[in-house]
Amino acid sequence: NGPAKHVAPRPKGKIRIFLELWWANFWNLIPLNVVFSFLHLLLIPGGIASAGMTYVTTDLARGRHSYGFSDFTDTVKRVWRKSLWVGIINLLITVFLLFVGVFYYTSGGVLATMGLGCCLMATMIFSFAKYYLWPQIVLFRLPISKVYKNAFLFVFLNFRNNLLVGLISLACYAVAAALLLLLTHPMTVALLTLRGVQTNIERHTQEMREEAGQ
């Protein structure tokens, strides 16, 4: 018999990695989700809560230890001003897209149908761009204009992956009302999002650090 051959273990799939991360941090996600939901209700734009949530789930998506509530509050204190502004901008864009969508939907006609299609496409692109806003805010010192520019670039760098993350997130929304996942839903979607887009962010980390002067 010849020497034994070393067989490398098969790499885990992204979905399996996400499920393992989610299950390993399940009970830690519940109190953080309560804090996130409470801040989200108090602060209509929601940006401050999203920043804290993103920092925690970024560490989890990278396989790093997170101190949970401590990391959440420290991040909120550090980037609350920029997060609040981004939250307000996102709210205004969302209201505008909703208004335009309702206008075209109630108008009727070929042009209105085309306009509604363009509005839905713009809404999808904006939704994907929001995946990349909060990681940049909590990890880099970039001006808000640069944060939005990079976010929209990331949408098209890996559109298929963003689409997959979006579809799975919608599925989470669909089942959250009936399952225990409801207790950790915002944190679960954030962890899913960060795990899905992490490759794009890490690929361009050095460029964004140079832009931020870090």
# chains A, B, ... in the order shown; residues from 1 in each chain; ligands from 1
>>> residues_around(residues="Phe72 in chain A", least_positions_apart="4", cutoff="12 Å", atoms="only C-alpha atoms", output="PyMOL selection string")
chain A and resi 29+31-33+35-36+39+48-59+66-68+76-80+138+187
>>> atom_distance(atom1="CA of Asn150 in chain A", atom2="CA of Arg209 in chain A")
12.3 Å
>>> closest_residue(among="A:Leu60, A:Ala171, A:Val34, A:Ile93", to="Lys130 in chain A", atoms="only C-alpha atoms")
A:Ile93
>>> closest_residue(among="A:Gly166, A:Gly108, A:Pro135, A:Pro143", to="Asn200 in chain A", atoms="only C-alpha atoms")
A:Pro135
>>> residues_around(residues="Gly47 in chain A", least_positions_apart="6", cutoff="7 Å", atoms="only C-alpha atoms", output="MDAnalysis selection string")
chainID A and resid 83:84 86:87
>>> residues_around(residues="Met208 in chain A", least_positions_apart="2", cutoff="12 Å", atoms="only C-alpha atoms", output="list in words")
Pro135, Gln136, Ile137, Leu139, Phe140, Arg141, Leu142, Pro143, Lys146, Val147, Lys149, Asn150, Ala151, Asn200, Ile201, Glu202, Arg203, His204, Thr205, Gln206, Glu210, Glu211, Ala212, Gly213 and Gln214 of chain A
>>> atom_distance(atom1="CA of Cys118 in chain A", atom2="CA of Ile168 in chain A")
22.8 Å
>>> decode(residues="range 109-128 of chain A", atoms="N, CA, C and O atoms", output="JSON list (two decimals), in the first residue's frame")
[["chain", "number", "residue", "atom", "x", "y", "z"],
["A", 109, "GLY", "N", -52.26, 53.44, -17.88],
["A", 109, "GLY", "CA", -51.67, 53.74, -19.17],
["A", 109, "GLY", "C", -50.29, 53.12, -19.34],
["A", 109, "GLY", "O", -49.67, 52.67, -18.37],
["A", 110, "VAL", "N", -49.82, 53.12, -20.58],
["A", 110, "VAL", "CA", -48.53, 52.50, -20.90],
["A", 110, "VAL", "C", -47.38, 53.24, -20.23],
["A", 110, "VAL", "O", -46.48, 52.63, -19.63],
["A", 111, "LEU", "N", -47.39, 54.58, -20.32],
["A", 111, "LEU", "CA", -46.30, 55.36, -19.73],
["A", 111, "LEU", "C", -46.25, 55.17, -18.21],
["A", 111, "LEU", "O", -45.17, 55.10, -17.61],
["A", 112, "ALA", "N", -47.43, 55.11, -17.59],
["A", 112, "ALA", "CA", -47.48, 54.91, -16.14],
["A", 112, "ALA", "C", -46.93, 53.54, -15.77],
["A", 112, "ALA", "O", -46.23, 53.39, -14.75],
["A", 113, "THR", "N", -47.24, 52.53, -16.60],
["A", 113, "THR", "CA", -46.72, 51.18, -16.33],
["A", 113, "THR", "C", -45.20, 51.16, -16.44],
["A", 113, "THR", "O", -44.50, 50.55, -15.62],
["A", 114, "MET", "N", -44.67, 51.84, -17.46],
["A", 114, "MET", "CA", -43.22, 51.92, -17.61],
["A", 114, "MET", "C", -42.59, 52.67, -16.44],
["A", 114, "MET", "O", -41.55, 52.29, -15.92],
["A", 115, "GLY", "N", -43.25, 53.75, -16.03],
["A", 115, "GLY", "CA", -42.75, 54.52, -14.89],
["A", 115, "GLY", "C", -42.76, 53.71, -13.61],
["A", 115, "GLY", "O", -41.82, 53.78, -12.81],
["A", 116, "LEU", "N", -43.83, 52.91, -13.42],
["A", 116, "LEU", "CA", -43.90, 52.06, -12.23],
["A", 116, "LEU", "C", -42.79, 51.01, -12.24],
["A", 116, "LEU", "O", -42.18, 50.74, -11.21],
["A", 117, "GLY", "N", -42.50, 50.46, -13.42],
["A", 117, "GLY", "CA", -41.42, 49.49, -13.54],
["A", 117, "GLY", "C", -40.08, 50.10, -13.19],
["A", 117, "GLY", "O", -39.27, 49.49, -12.46],
["A", 118, "CYS", "N", -39.83, 51.33, -13.67],
["A", 118, "CYS", "CA", -38.58, 52.02, -13.35],
["A", 118, "CYS", "C", -38.49, 52.33, -11.86],
["A", 118, "CYS", "O", -37.42, 52.22, -11.25],
["A", 119, "CYS", "N", -39.63, 52.69, -11.28],
["A", 119, "CYS", "CA", -39.66, 52.99, -9.84],
["A", 119, "CYS", "C", -39.35, 51.75, -9.02],
["A", 119, "CYS", "O", -38.59, 51.80, -8.04],
["A", 120, "LEU", "N", -39.91, 50.60, -9.42],
["A", 120, "LEU", "CA", -39.64, 49.35, -8.71],
["A", 120, "LEU", "C", -38.18, 48.95, -8.84],
["A", 120, "LEU", "O", -37.57, 48.46, -7.88],
["A", 121, "MET", "N", -37.61, 49.16, -10.02],
["A", 121, "MET", "CA", -36.20, 48.86, -10.21],
["A", 121, "MET", "C", -35.32, 49.76, -9.34],
["A", 121, "MET", "O", -34.36, 49.29, -8.71],
["A", 122, "ALA", "N", -35.67, 51.05, -9.29],
["A", 122, "ALA", "CA", -34.92, 51.99, -8.45],
["A", 122, "ALA", "C", -35.04, 51.60, -6.98],
["A", 122, "ALA", "O", -34.06, 51.70, -6.21],
["A", 123, "THR", "N", -36.21, 51.15, -6.57],
["A", 123, "THR", "CA", -36.42, 50.72, -5.18],
["A", 123, "THR", "C", -35.55, 49.51, -4.85],
["A", 123, "THR", "O", -34.95, 49.44, -3.77],
["A", 124, "MET", "N", -35.47, 48.56, -5.79],
["A", 124, "MET", "CA", -34.64, 47.38, -5.57],
["A", 124, "MET", "C", -33.17, 47.76, -5.45],
["A", 124, "MET", "O", -32.46, 47.28, -4.55],
["A", 125, "ILE", "N", -32.69, 48.63, -6.35],
["A", 125, "ILE", "CA", -31.29, 49.05, -6.32],
["A", 125, "ILE", "C", -30.98, 49.79, -5.02],
["A", 125, "ILE", "O", -29.94, 49.57, -4.38],
["A", 126, "PHE", "N", -31.91, 50.66, -4.60],
["A", 126, "PHE", "CA", -31.71, 51.40, -3.35],
["A", 126, "PHE", "C", -31.69, 50.45, -2.16],
["A", 126, "PHE", "O", -30.89, 50.62, -1.22],
["A", 127, "SER", "N", -32.54, 49.42, -2.19],
["A", 127, "SER", "CA", -32.57, 48.44, -1.10],
["A", 127, "SER", "C", -31.24, 47.70, -1.01],
["A", 127, "SER", "O", -30.72, 47.46, 0.08],
["A", 128, "PHE", "N", -30.68, 47.34, -2.17],
["A", 128, "PHE", "CA", -29.39, 46.65, -2.18],
["A", 128, "PHE", "C", -28.28, 47.59, -1.69],
["A", 128, "PHE", "O", -27.35, 47.16, -0.99]]
